$ cat input-v8.txt   # compact mmCIF, C-alpha atoms
# COMPACT_ATOMS: atom_id res chain seq x y z
CA MET A 1 0.89 -26.16 56.31
CA ASP A 2 4.50 -26.84 57.27
CA LEU A 3 7.13 -26.84 54.54
CA LYS A 4 10.83 -27.54 54.64
CA PHE A 5 13.53 -26.91 52.06
CA SER A 6 17.15 -28.00 51.95
CA ASN A 7 20.29 -26.71 50.27
CA LYS A 8 18.91 -23.44 48.95
CA LYS A 9 20.07 -19.92 49.74
CA ILE A 10 19.39 -16.27 49.14
CA THR A 11 22.45 -14.65 47.53
CA GLY A 12 21.37 -11.05 47.06
CA ILE A 13 18.62 -8.56 47.91
CA LEU A 14 18.03 -5.22 46.21
CA THR A 15 15.29 -2.74 47.08
CA ILE A 16 14.07 -0.12 44.62
CA LEU A 17 12.28 2.89 46.14
CA PRO A 18 10.66 5.76 44.26
CA GLU A 19 12.58 9.00 44.70
CA ARG A 20 9.37 10.95 45.41
CA GLU A 21 8.75 11.42 49.13
CA VAL A 22 5.60 12.85 50.72
CA SER A 23 5.18 13.66 54.38
CA PHE A 24 2.18 13.05 56.61
CA GLU A 25 1.85 16.77 57.34
CA ASP A 26 1.76 17.60 53.62
CA GLU A 27 -1.35 15.46 53.17
CA MET A 28 -3.09 15.99 56.50
CA HIS A 29 -5.42 18.62 55.04
CA ASN A 30 -6.98 15.94 52.78
CA TYR A 31 -8.46 14.13 55.75
CA ASN A 32 -11.79 15.04 57.27
CA PHE A 33 -10.32 15.30 60.78
CA SER A 34 -8.82 17.90 63.05
CA THR A 35 -5.08 18.55 62.95
CA ALA A 36 -4.80 17.49 66.59
CA LYS A 37 -6.49 14.17 65.91
CA SER A 38 -4.38 13.47 62.84
CA LEU A 39 -1.18 14.21 64.77
CA LYS A 40 -2.24 11.80 67.53
CA LEU A 41 -2.69 9.10 64.92
CA LYS A 42 0.69 9.94 63.42
CA SER A 43 2.33 9.41 66.79
CA ALA A 44 0.44 6.21 67.64
CA LEU A 45 1.02 4.44 64.33
CA GLY A 46 4.48 5.79 63.60
CA LEU A 47 3.53 7.69 60.44
CA ASN A 48 5.94 10.20 58.98
CA LYS A 49 6.91 10.05 55.31
CA ARG A 50 6.43 7.61 52.47
CA ARG A 51 7.69 6.97 48.98
CA ILE A 52 5.27 6.93 46.07
CA VAL A 53 5.75 6.80 42.32
CA GLU A 54 5.14 9.62 39.87
CA GLU A 55 2.01 9.22 37.76
CA GLY A 56 2.32 6.49 35.14
CA VAL A 57 5.12 4.52 36.78
CA CYS A 58 4.27 0.80 36.99
CA SER A 59 5.55 -2.16 38.97
CA SER A 60 7.59 -3.34 35.98
CA ASP A 61 9.38 0.03 35.75
CA LEU A 62 10.73 -0.35 39.28
CA CYS A 63 11.77 -3.96 38.58
CA ILE A 64 13.45 -3.03 35.28
CA LYS A 65 15.37 -0.24 37.02
CA GLY A 66 16.64 -2.71 39.60
CA LEU A 67 17.53 -5.45 37.12
CA SER A 68 19.31 -2.94 34.86
CA TYR A 69 21.39 -1.85 37.86
CA LEU A 70 22.30 -5.45 38.68
CA PHE A 71 23.27 -6.23 35.07
CA GLU A 72 25.28 -3.03 34.69
CA THR A 73 27.21 -3.63 37.91
CA ASN A 74 27.81 -7.31 37.08
CA LYS A 75 25.98 -8.42 40.20
CA LEU A 76 23.74 -10.59 38.03
CA GLN A 77 24.32 -12.16 34.62
CA LYS A 78 21.39 -12.32 32.22
CA GLU A 79 22.22 -15.82 30.96
CA ASP A 80 22.21 -17.25 34.51
CA ILE A 81 18.50 -16.55 35.12
CA ASP A 82 16.38 -19.70 34.86
CA ALA A 83 13.12 -18.32 36.25
CA ILE A 84 11.50 -14.98 37.04
CA ILE A 85 8.77 -14.88 39.66
CA LEU A 86 6.91 -11.60 40.10
CA VAL A 87 4.73 -11.22 43.17
CA THR A 88 2.46 -8.23 42.73
CA GLN A 89 -1.09 -6.97 43.18
CA SER A 90 -0.48 -4.22 40.65
CA PRO A 91 0.45 -5.88 37.35
CA ASP A 92 0.95 -3.71 34.27
CA TYR A 93 -1.87 -5.52 32.47
CA ILE A 94 -4.63 -8.02 33.21
CA MET A 95 -2.91 -10.00 30.47
CA PRO A 96 -0.06 -10.79 29.70
CA PRO A 97 1.90 -11.62 32.86
CA THR A 98 4.16 -8.71 33.82
CA SER A 99 7.06 -11.14 34.41
CA ASN A 100 6.90 -11.98 30.67
CA VAL A 101 6.99 -8.26 29.86
CA ILE A 102 10.13 -7.87 31.97
CA GLN A 103 11.75 -10.94 30.40
CA GLY A 104 10.99 -9.53 26.97
CA TYR A 105 12.35 -6.07 27.83
CA PHE A 106 15.77 -7.55 28.53
CA GLY A 107 15.61 -10.14 25.72
CA LEU A 108 16.40 -12.93 28.13
CA LYS A 109 16.73 -16.54 26.97
CA HIS A 110 13.54 -18.37 26.03
CA ASP A 111 14.49 -21.42 28.06
CA MET A 112 13.05 -20.12 31.32
CA ILE A 113 9.89 -19.91 33.42
CA CYS A 114 8.07 -16.62 34.04
CA LEU A 115 5.37 -16.61 36.68
CA ASP A 116 3.20 -13.85 38.15
CA ILE A 117 1.72 -14.45 41.61
CA ASN A 118 -1.12 -12.30 42.91
CA GLN A 119 -0.33 -12.01 46.60
CA GLY A 120 -0.01 -9.13 49.05
CA CYS A 121 1.42 -8.84 52.52
CA ALA A 122 2.52 -12.50 52.68
CA GLY A 123 3.66 -12.42 49.06
CA TYR A 124 7.40 -12.28 49.70
CA ILE A 125 7.27 -15.56 51.59
CA VAL A 126 4.89 -17.13 49.06
CA GLY A 127 7.38 -16.10 46.35
CA LEU A 128 10.36 -17.54 48.25
CA ASN A 129 8.44 -20.82 48.65
CA GLN A 130 7.82 -20.94 44.93
CA ALA A 131 11.48 -20.23 44.19
CA PHE A 132 12.66 -22.99 46.52
CA MET A 133 10.26 -25.46 44.88
CA MET A 134 11.54 -24.50 41.41
CA LEU A 135 15.13 -25.03 42.55
CA ASP A 136 14.34 -28.69 43.24
CA GLN A 137 14.40 -29.07 39.45
CA GLU A 138 17.73 -30.03 37.89
CA ALA A 139 17.30 -27.44 35.12
CA ILE A 140 16.85 -24.51 37.49
CA ASN A 141 19.87 -23.08 39.30
CA LYS A 142 19.02 -19.43 39.77
CA VAL A 143 15.64 -17.81 40.38
CA VAL A 144 14.98 -14.06 40.36
CA LEU A 145 12.17 -13.21 42.75
CA LEU A 146 10.64 -9.83 42.01
CA ASN A 147 8.23 -8.43 44.58
CA ALA A 148 6.71 -5.12 43.55
CA ASP A 149 3.64 -3.10 44.35
CA VAL A 150 2.49 0.28 43.11
CA LEU A 151 -0.74 0.71 44.99
CA SER A 152 -0.62 4.43 45.83
CA PRO A 153 -2.70 5.30 42.73
CA LYS A 154 -5.39 2.93 44.04
CA VAL A 155 -5.77 4.68 47.40
CA SER A 156 -8.09 7.62 47.92
CA LYS A 157 -6.18 10.72 49.03
CA GLN A 158 -9.10 11.37 51.40
CA ASP A 159 -8.87 8.00 53.14
CA ARG A 160 -7.14 8.52 56.44
CA ASN A 161 -7.24 4.77 57.15
CA SER A 162 -5.02 3.83 54.22
CA ASN A 163 -3.48 6.82 52.44
CA PRO A 164 -0.92 7.81 55.11
CA LEU A 165 0.33 4.23 55.28
CA ILE A 166 0.71 3.17 51.67
CA GLY A 167 4.05 3.28 49.90
CA ASP A 168 5.30 1.93 46.57
CA ALA A 169 8.40 -0.23 46.27
CA ALA A 170 10.00 -3.18 44.52
CA SER A 171 12.61 -5.71 45.51
CA ILE A 172 14.80 -8.23 43.72
CA THR A 173 15.92 -11.34 45.56
CA ILE A 174 18.26 -13.88 44.01
CA ILE A 175 17.75 -17.47 45.15
CA GLU A 176 20.10 -20.31 44.24
CA LYS A 177 21.02 -23.88 45.05
CA SER A 178 23.56 -24.14 47.84
CA THR A 179 26.51 -26.54 47.94
CA GLN A 180 26.47 -26.22 51.72
CA GLU A 181 23.79 -27.96 53.75
CA THR A 182 21.03 -25.56 54.64
CA GLU A 183 17.62 -26.02 56.23
CA ILE A 184 14.76 -23.63 55.67
CA PHE A 185 11.54 -23.97 57.66
CA CYS A 186 8.28 -22.42 56.57
CA ASN A 187 4.61 -22.44 57.39
CA ILE A 188 1.80 -20.88 55.46
CA LYS A 189 -1.93 -20.55 56.12
CA THR A 190 -4.91 -19.27 54.17
CA ASN A 191 -8.44 -18.21 55.10
CA GLY A 192 -10.34 -17.16 52.01
CA MET A 193 -13.44 -16.46 54.10
CA GLY A 194 -11.68 -13.23 55.00
CA ALA A 195 -10.66 -12.48 51.42
CA LEU A 196 -12.63 -9.25 51.14
CA VAL A 197 -11.34 -7.72 54.36
CA LEU A 198 -8.62 -6.08 52.27
CA GLN A 199 -9.67 -5.43 48.70
CA ILE A 200 -10.07 -3.16 45.70
CA PRO A 201 -13.75 -3.79 44.86
CA ALA A 202 -13.80 -2.60 41.22
CA GLY A 203 -11.53 -3.14 38.25
CA GLY A 204 -11.78 -6.90 37.84
CA SER A 205 -14.40 -9.04 36.14
CA ARG A 206 -16.79 -9.03 39.11
CA LEU A 207 -17.21 -5.26 39.03
CA PRO A 208 -15.53 -3.57 36.05
CA SER A 209 -14.38 0.02 36.55
CA SER A 210 -16.90 2.59 35.32
CA PRO A 211 -17.80 6.23 36.02
CA GLU A 212 -20.05 4.92 38.82
CA THR A 213 -17.25 3.00 40.53
CA ALA A 214 -15.15 6.17 40.56
CA ILE A 215 -17.66 8.14 42.66
CA LEU A 216 -16.38 8.94 46.15
CA HIS A 217 -18.54 7.97 49.12
CA GLU A 218 -18.11 8.95 52.77
CA ASP A 219 -17.82 6.14 55.30
CA ALA A 220 -18.88 6.21 58.97
CA SER A 221 -15.45 7.47 59.99
CA GLY A 222 -15.43 10.44 57.62
CA ASN A 223 -13.16 8.91 54.97
CA PHE A 224 -13.98 9.32 51.29
CA ARG A 225 -13.23 6.52 48.85
CA SER A 226 -14.67 4.96 45.68
CA LYS A 227 -15.06 1.34 44.62
CA ASP A 228 -11.92 1.80 42.51
CA ASN A 229 -9.96 2.43 45.71
CA LEU A 230 -8.31 0.09 48.16
CA VAL A 231 -10.46 -0.51 51.22
CA MET A 232 -9.35 -2.12 54.46
CA LYS A 233 -11.38 -3.23 57.45
CA GLY A 234 -8.64 -2.13 59.80
CA ASP A 235 -10.06 -3.57 63.00
CA GLU A 236 -10.59 -7.02 61.48
CA VAL A 237 -7.09 -7.05 59.97
CA PHE A 238 -5.57 -5.97 63.28
CA ASN A 239 -7.41 -8.66 65.20
CA PHE A 240 -6.51 -11.33 62.64
CA VAL A 241 -2.82 -10.48 62.95
CA GLN A 242 -2.83 -10.44 66.75
CA VAL A 243 -4.65 -13.76 66.99
CA GLU A 244 -2.94 -15.69 64.20
CA VAL A 245 0.65 -14.48 63.92
CA PRO A 246 2.06 -15.22 67.41
CA PRO A 247 1.04 -18.93 67.31
CA LEU A 248 2.31 -19.16 63.72
CA ILE A 249 5.78 -18.06 64.86
CA GLU A 250 5.69 -20.34 67.91
CA SER A 251 4.81 -23.30 65.68
CA LEU A 252 7.58 -22.45 63.19
CA LEU A 253 10.24 -22.22 65.88
CA ASN A 254 9.06 -25.46 67.48
CA LYS A 255 9.30 -27.28 64.16
CA ALA A 256 12.81 -25.95 63.68
CA SER A 257 13.73 -26.66 67.34
CA VAL A 258 14.99 -23.09 67.65
CA LYS A 259 14.46 -20.90 70.72
CA LYS A 260 13.02 -17.46 70.07
CA GLU A 261 16.02 -15.81 71.72
CA ASP A 262 18.37 -17.61 69.29
CA VAL A 263 16.82 -15.82 66.33
CA ASP A 264 18.91 -12.76 65.44
CA TYR A 265 16.15 -10.77 63.75
CA TYR A 266 12.43 -10.93 63.15
CA MET A 267 11.93 -9.24 59.79
CA PHE A 268 8.17 -8.96 59.51
CA HIS A 269 5.79 -7.32 57.09
CA GLN A 270 5.37 -3.68 58.16
CA PRO A 271 1.70 -2.67 58.49
CA ASN A 272 2.47 -0.03 61.12
CA ARG A 273 4.61 0.38 64.23
CA PHE A 274 1.75 -0.06 66.70
CA MET A 275 0.75 -3.44 65.29
CA LEU A 276 4.33 -4.73 65.21
CA HIS A 277 5.03 -3.63 68.79
CA LYS A 278 1.97 -5.52 69.98
CA VAL A 279 3.01 -8.64 68.01
CA ALA A 280 6.57 -8.45 69.40
CA ASP A 281 5.26 -8.10 72.95
CA LYS A 282 2.93 -11.08 72.52
CA ILE A 283 5.60 -13.34 71.02
CA GLY A 284 7.94 -12.21 73.77
CA VAL A 285 10.81 -10.89 71.67
CA ASP A 286 12.75 -7.68 72.14
CA ARG A 287 11.24 -4.91 70.00
CA ASP A 288 14.80 -4.10 68.81
CA LYS A 289 14.95 -7.52 67.16
CA MET A 290 11.79 -6.78 65.19
CA PRO A 291 12.43 -3.55 63.25
CA SER A 292 9.27 -1.47 62.82
CA ASN A 293 10.74 1.57 61.06
CA VAL A 294 9.70 0.93 57.45
CA VAL A 295 6.27 2.60 57.45
CA GLU A 296 7.57 5.80 59.05
CA ASN A 297 10.35 6.12 56.48
CA PHE A 298 8.98 4.60 53.28
CA GLY A 299 5.34 3.49 53.78
CA ASN A 300 3.71 0.08 53.63
CA SER A 301 4.39 -1.54 50.27
CA SER A 302 2.66 -4.88 51.07
CA GLY A 303 4.99 -7.88 51.04
CA VAL A 304 7.87 -5.76 49.75
CA THR A 305 8.22 -4.30 53.24
CA ILE A 306 10.08 -7.47 54.28
CA PRO A 307 13.03 -7.01 51.87
CA VAL A 308 12.83 -3.26 52.53
CA ALA A 309 13.20 -3.98 56.26
CA ILE A 310 16.18 -6.26 55.60
CA THR A 311 18.03 -3.91 53.25
CA TYR A 312 17.29 -0.81 55.35
CA ASN A 313 18.15 -2.27 58.74
CA LEU A 314 20.92 -4.72 57.91
CA GLY A 315 22.26 -3.51 54.54
CA SER A 316 26.00 -3.89 54.24
CA LYS A 317 26.17 -5.98 57.43
CA LEU A 318 24.80 -8.84 55.39
CA LEU A 319 27.74 -8.63 52.98
CA ASP A 320 30.05 -10.04 55.64
CA GLU A 321 27.87 -11.63 58.27
CA LYS A 322 25.28 -14.37 58.56
CA PHE A 323 22.12 -14.04 60.63
CA LYS A 324 19.35 -16.40 61.63
CA ILE A 325 16.25 -14.54 60.53
CA CYS A 326 12.56 -15.20 60.99
CA LEU A 327 10.40 -13.70 58.25
CA SER A 328 6.65 -13.26 58.47
CA GLY A 329 4.00 -11.78 56.21
CA PHE A 330 0.29 -11.46 56.96
CA GLY A 331 -2.69 -9.77 55.40
CA VAL A 332 -4.38 -9.80 51.99
CA GLY A 333 -6.10 -13.08 51.30
CA LEU A 334 -6.23 -13.63 54.21
CA THR A 335 -2.81 -15.23 53.99
CA TRP A 336 -0.24 -15.51 56.75
CA ALA A 337 3.15 -17.17 56.51
CA SER A 338 6.50 -17.35 58.24
CA MET A 339 9.95 -18.64 57.40
CA LEU A 340 13.12 -19.34 59.37
CA LEU A 341 16.41 -19.30 57.50
CA GLU A 342 19.99 -18.12 57.63
CA ILE A 343 20.78 -15.16 55.40
CA GLY A 344 24.30 -13.98 54.49
CA PRO A 345 26.94 -13.29 53.52
CA LEU A 346 25.21 -11.88 50.44
CA ASP A 347 26.63 -10.70 47.13
CA PHE A 348 24.60 -7.51 47.50
CA CYS A 349 22.12 -6.03 49.97
CA GLU A 350 21.25 -2.44 49.20
CA ILE A 351 18.64 0.17 48.30
CA ILE A 352 18.55 2.20 45.10
CA GLU A 353 16.12 4.90 43.98
CA TYR A 354 13.93 5.09 40.88
CA MET B 1 -9.98 5.66 86.73
CA LYS B 2 -13.31 6.54 85.13
CA ASP B 3 -12.47 10.25 84.99
CA LYS B 4 -9.08 9.56 83.41
CA VAL B 5 -10.65 7.31 80.76
CA LEU B 6 -13.33 9.89 80.00
CA LYS B 7 -10.68 12.60 79.65
CA ILE B 8 -8.75 10.47 77.13
CA LEU B 9 -11.91 9.59 75.17
CA ASN B 10 -12.95 13.23 75.02
CA GLU B 11 -9.50 14.21 73.74
CA ILE B 12 -9.78 11.65 70.95
CA ARG B 13 -13.35 12.45 69.88
CA PRO B 14 -14.30 15.79 71.46
CA GLU B 15 -17.48 15.94 69.35
CA PHE B 16 -19.08 13.17 71.44
CA ASP B 17 -20.13 12.96 75.09
CA PHE B 18 -18.80 9.62 76.31
CA SER B 19 -20.35 10.04 79.76
CA GLU B 20 -23.82 9.60 78.22
CA PRO B 21 -25.09 5.98 78.19
CA VAL B 22 -24.45 4.47 74.75
CA ASP B 23 -24.96 0.79 73.86
CA ASN B 24 -21.86 0.53 71.72
CA PHE B 25 -19.30 3.27 70.96
CA HIS B 26 -18.14 1.41 67.86
CA GLU B 27 -21.59 0.82 66.36
CA ALA B 28 -22.63 4.38 67.22
CA GLY B 29 -19.71 5.65 65.13
CA MET B 30 -18.07 7.27 68.15
CA LEU B 31 -14.87 5.20 67.98
CA ASP B 32 -13.38 3.73 64.81
CA SER B 33 -10.48 1.31 64.65
CA PHE B 34 -7.92 4.09 64.40
CA ASP B 35 -9.44 5.84 67.40
CA ILE B 36 -8.95 2.60 69.31
CA VAL B 37 -5.25 2.61 68.36
CA THR B 38 -4.92 6.13 69.76
CA LEU B 39 -6.94 5.14 72.82
CA VAL B 40 -4.79 2.07 73.55
CA THR B 41 -1.60 4.10 73.21
CA SER B 42 -2.97 6.71 75.62
CA LEU B 43 -4.23 4.10 78.11
CA ASP B 44 -0.86 2.26 78.00
CA GLU B 45 0.91 5.52 78.82
CA GLU B 46 -1.58 6.79 81.41
CA PHE B 47 -1.78 3.54 83.41
CA GLY B 48 1.73 2.18 82.76
CA ILE B 49 0.47 -1.01 81.16
CA SER B 50 0.72 -2.74 77.77
CA ILE B 51 -2.66 -3.91 76.54
CA GLU B 52 -2.07 -7.07 74.51
CA GLY B 53 -2.97 -7.14 70.85
CA VAL B 54 -5.46 -9.97 71.34
CA ASP B 55 -7.41 -7.75 73.72
CA ILE B 56 -7.64 -4.90 71.24
CA LEU B 57 -11.09 -5.92 70.10
CA PRO B 58 -14.02 -3.55 69.44
CA GLU B 59 -16.04 -5.27 72.19
CA ASN B 60 -13.43 -4.32 74.79
CA PHE B 61 -13.86 -0.66 73.84
CA SER B 62 -17.61 -0.66 73.24
CA SER B 63 -18.53 1.20 76.43
CA LEU B 64 -17.00 3.00 79.36
CA ARG B 65 -17.69 -0.05 81.50
CA SER B 66 -15.94 -2.49 79.12
CA ILE B 67 -12.87 -0.22 78.93
CA ILE B 68 -12.67 0.00 82.72
CA GLU B 69 -13.06 -3.78 83.05
CA LEU B 70 -10.23 -4.28 80.58
CA LEU B 71 -8.00 -1.84 82.44
CA ALA B 72 -8.78 -3.54 85.74
CA LYS B 73 -7.49 -6.83 84.30
CA TYR B 74 -4.10 -5.25 83.51
CA ILE B 75 -3.80 -3.15 86.63
CA GLN B 76 -4.44 -6.25 88.79
CA LYS B 77 -1.65 -8.18 86.99

$ encode --input "input-v8.txt" --output "structure tokens"
Amino acid sequence: MDLKFSNKKITGILTILPEREVSFEDEMHNYNFSTAKSLKLKSALGLNKRRIVEEGVCSSDLCIKGLSYLFETNKLQKEDIDAIILVTQSPDYIMPPTSNVIQGYFGLKHDMICLDINQGCAGYIVGLNQAFMMLDQEAINKVVLLNADVLSPKVSKQDRNSNPLIGDAASITIIEKSTQETEIFCNIKTNGMGALVLQIPAGGSRLPSSPETAILHEDASGNFRSKDNLVMKGDEVFNFVQVEVPPLIESLLNKASVKKEDVDYYMFHQPNRFMLHKVADKIGVDRDKMPSNVVENFGNSSGVTIPVAITYNLGSKLLDEKFKICLSGFGVGLTWASMLLEIGPLDFCEIIEY
Amino acid sequence: MKDKVLKILNEIRPEFDFSEPVDNFHEAGMLDSFDIVTLVTSLDEEFGISIEGVDILPENFSSLRSIIELLAKYIQK
């Protein structure tokens, strides 16, 4: 589905990363594989270190840390917020919405919308879409898009397929109406037939968590995980991305009548370096224009990896400059989406630690 | 080419004998998806090619013959 928005802009991006860092080598002994084999995988996928929360830290804690920082530094005024969107797969509770919890924590005005969206790797773009649609309303002038995931507690430490990749992170993106003419192009696709390719089987209504769902089982590749843990059919996800993402980007650029070489950066979701290099090669863009350094430094935090990639790779550059940027997220759902927009100069674009 | 491929496969999963006839490496549990990532990286380096993502399918790495056929496609390019 093609979407187009006018006269909207991103005015600030903040990333919140847990202070706790673990390295691949520190955890290698957990995996049922030889050291040599694990190190080969490290090299091929670009694994190194990742950021994960301390026990008990939730998605809302990272968001509250970031919002507190923005309020304290006068980068955001509480009374200006008309809507809070939180994209997460790790809400604090099944009910109520975590966005309401955050609104309540700060005692923000009642005259606002709070909305939780359950989305993963494409969630940042789904959230931006929702923000742009809200801004078509006269009453809404500023939307705070929170994208946060704390999934490390859901991954088995003995799962080589997922554990070395997963990181926790949150981001805050401010979206506003623009007095200047802007055009934002987007496309988004969904295939629910692949919904269980990436999942946490237990913990919802279909299969409530129980002592049985916590029992670890060994898979054919020697990984141990329970039904309470995240499970990923890596080969199916990889193939889905390679088949679907390049034509998605081609279609987006055609709609916008923009040549691929005229895009300054391709800030994509960061599953791993190998997958991104293959996508860049297929689309035919310079690998330097598509940063792939998030997993090796911070881990894969689902859709949050897109704002992490922007703040880490562009940071203060975006305070003074403007870039034409193509965003893309793909994975859980299966959902895949892309967006072409100009970003900058921003009021803030930085990383803080929790 | 066959010897080079066998050497790479044996480095990745030394516990298996890839020279023995097997219907499907993937189904036999000899190569998982992460092994294929390592294999592609090694093949790219060894043969100076870049196997495209759309070709990184289990069926293209299901046997010694399918791997060699895939490599032949890139080496002929």

$ interface_residues --input "input-v8.txt" --of "chain A" --to "chain B" --cutoff "7 Å" --atoms "only C-alpha atoms" --output "PDB file with C-alpha atoms, in the frame of the given file"
ATOM      1  CA  LYS A  37      -6.490  14.170  65.910  1.00  0.00           C
ATOM      2  CA  LYS A  40      -2.240  11.800  67.530  1.00  0.00           C
ATOM      3  CA  LEU A  41      -2.690   9.100  64.920  1.00  0.00           C
ATOM      4  CA  ALA A  44       0.440   6.210  67.640  1.00  0.00           C
ATOM      5  CA  ALA A 220     -18.880   6.210  58.970  1.00  0.00           C
ATOM      6  CA  SER A 221     -15.450   7.470  59.990  1.00  0.00           C
ATOM      7  CA  GLY A 234      -8.640  -2.130  59.800  1.00  0.00           C
ATOM      8  CA  ASP A 235     -10.060  -3.570  63.000  1.00  0.00           C
ATOM      9  CA  ASN A 239      -7.410  -8.660  65.200  1.00  0.00           C
ATOM     10  CA  GLN A 242      -2.830 -10.440  66.750  1.00  0.00           C
ATOM     11  CA  VAL A 243      -4.650 -13.760  66.990  1.00  0.00           C
ATOM     12  CA  LYS A 278       1.970  -5.520  69.980  1.00  0.00           C
ATOM     13  CA  VAL A 279       3.010  -8.640  68.010  1.00  0.00           C
ATOM     14  CA  LYS A 282       2.930 -11.080  72.520  1.00  0.00           C
TER      15      LYS A 282
END

$ residues_near_point --input "input-v8.txt" --point "(-7.0, -15.8, 55.3)" --cutoff "9 Å" --atoms "only C-alpha atoms" --output "list in words"
Lys189, Thr190, Asn191, Gly192, Met193, Gly194, Ala195, Phe240, Phe330, Gly331, Val332, Gly333, Leu334, Thr335 and Trp336 of chain A

$ atom_distance --input "input-v8.txt" --atom1 "atom CA of Ser152 of chain A" --atom2 "atom CA of Val245 of chain A"
26.2 Å

$ residues_near_point --input "input-v8.txt" --point "(-7.1, 7.4, 84.0)" --cutoff "9 Å" --atoms "all atoms listed in the file" --output "PyMOL selection string"
chain B and resi 1-8+43+46-47

$ closest_residue --input "input-v8.txt" --among "A:Gly203, A:Pro247, A:Pro291, A:Gly303" --to "Leu146 of chain A" --atoms "only C-alpha atoms"
A:Gly303

$ atom_distance --input "input-v8.txt" --atom1 "atom CA of Met95 of chain A" --atom2 "atom CA of Asn163 of chain A"
27.7 Å

$ residues_around --input "input-v8.txt" --residues "segment 342-344 of chain A" --least-positions-apart "5" --cutoff "12 Å" --atoms "all atoms listed in the file" --output "PyMOL selection string"
chain A and resi 6-13+173-175+180-185+262-267+307+310-311+314-327+349

$ write_last_selection --input "input-v8.txt" --atoms "C-alpha atoms" --output "mmCIF file, keeping the file's coordinate frame"
data_model
loop_
_atom_site.group_PDB
_atom_site.id
_atom_site.type_symbol
_atom_site.label_atom_id
_atom_site.label_comp_id
_atom_site.auth_asym_id
_atom_site.auth_seq_id
_atom_site.Cartn_x
_atom_site.Cartn_y
_atom_site.Cartn_z
ATOM 1 C CA SER A 6 17.150 -28.000 51.950
ATOM 2 C CA ASN A 7 20.290 -26.710 50.270
ATOM 3 C CA LYS A 8 18.910 -23.440 48.950
ATOM 4 C CA LYS A 9 20.070 -19.920 49.740
ATOM 5 C CA ILE A 10 19.390 -16.270 49.140
ATOM 6 C CA THR A 11 22.450 -14.650 47.530
ATOM 7 C CA GLY A 12 21.370 -11.050 47.060
ATOM 8 C CA ILE A 13 18.620 -8.560 47.910
ATOM 9 C CA THR A 173 15.920 -11.340 45.560
ATOM 10 C CA ILE A 174 18.260 -13.880 44.010
ATOM 11 C CA ILE A 175 17.750 -17.470 45.150
ATOM 12 C CA GLN A 180 26.470 -26.220 51.720
ATOM 13 C CA GLU A 181 23.790 -27.960 53.750
ATOM 14 C CA THR A 182 21.030 -25.560 54.640
ATOM 15 C CA GLU A 183 17.620 -26.020 56.230
ATOM 16 C CA ILE A 184 14.760 -23.630 55.670
ATOM 17 C CA PHE A 185 11.540 -23.970 57.660
ATOM 18 C CA ASP A 262 18.370 -17.610 69.290
ATOM 19 C CA VAL A 263 16.820 -15.820 66.330
ATOM 20 C CA ASP A 264 18.910 -12.760 65.440
ATOM 21 C CA TYR A 265 16.150 -10.770 63.750
ATOM 22 C CA TYR A 266 12.430 -10.930 63.150
ATOM 23 C CA MET A 267 11.930 -9.240 59.790
ATOM 24 C CA PRO A 307 13.030 -7.010 51.870
ATOM 25 C CA ILE A 310 16.180 -6.260 55.600
ATOM 26 C CA THR A 311 18.030 -3.910 53.250
ATOM 27 C CA LEU A 314 20.920 -4.720 57.910
ATOM 28 C CA GLY A 315 22.260 -3.510 54.540
ATOM 29 C CA SER A 316 26.000 -3.890 54.240
ATOM 30 C CA LYS A 317 26.170 -5.980 57.430
ATOM 31 C CA LEU A 318 24.800 -8.840 55.390
ATOM 32 C CA LEU A 319 27.740 -8.630 52.980
ATOM 33 C CA ASP A 320 30.050 -10.040 55.640
ATOM 34 C CA GLU A 321 27.870 -11.630 58.270
ATOM 35 C CA LYS A 322 25.280 -14.370 58.560
ATOM 36 C CA PHE A 323 22.120 -14.040 60.630
ATOM 37 C CA LYS A 324 19.350 -16.400 61.630
ATOM 38 C CA ILE A 325 16.250 -14.540 60.530
ATOM 39 C CA CYS A 326 12.560 -15.200 60.990
ATOM 40 C CA LEU A 327 10.400 -13.700 58.250
ATOM 41 C CA CYS A 349 22.120 -6.030 49.970
#

$ build_atoms --input "input-v8.txt" --residues "segment 73-77 of chain B" --atoms "N, CA, C and O atoms" --output "PDB file, in the coordinates of the input"
ATOM      1  N   LYS B  73      -8.198  -5.557  84.525  1.00  0.00           N
ATOM      2  CA  LYS B  73      -7.490  -6.830  84.300  1.00  0.00           C
ATOM      3  C   LYS B  73      -5.971  -6.609  84.269  1.00  0.00           C
ATOM      4  O   LYS B  73      -5.199  -7.380  84.825  1.00  0.00           O
ATOM      5  N   TYR B  74      -5.546  -5.502  83.634  1.00  0.00           N
ATOM      6  CA  TYR B  74      -4.100  -5.250  83.510  1.00  0.00           C
ATOM      7  C   TYR B  74      -3.523  -4.640  84.784  1.00  0.00           C
ATOM      8  O   TYR B  74      -2.383  -4.929  85.155  1.00  0.00           O
ATOM      9  N   ILE B  75      -4.315  -3.809  85.421  1.00  0.00           N
ATOM     10  CA  ILE B  75      -3.800  -3.150  86.630  1.00  0.00           C
ATOM     11  C   ILE B  75      -3.671  -4.170  87.763  1.00  0.00           C
ATOM     12  O   ILE B  75      -2.775  -4.078  88.592  1.00  0.00           O
ATOM     13  N   GLN B  76      -4.521  -5.205  87.762  1.00  0.00           N
ATOM     14  CA  GLN B  76      -4.440  -6.250  88.790  1.00  0.00           C
ATOM     15  C   GLN B  76      -3.275  -7.199  88.555  1.00  0.00           C
ATOM     16  O   GLN B  76      -2.872  -7.940  89.441  1.00  0.00           O
ATOM     17  N   LYS B  77      -2.721  -7.220  87.321  1.00  0.00           N
ATOM     18  CA  LYS B  77      -1.650  -8.180  86.990  1.00  0.00           C
ATOM     19  C   LYS B  77      -0.406  -7.941  87.806  1.00  0.00           C
ATOM     20  O   LYS B  77      -0.030  -6.805  88.047  1.00  0.00           O
TER      21      LYS B  77
END
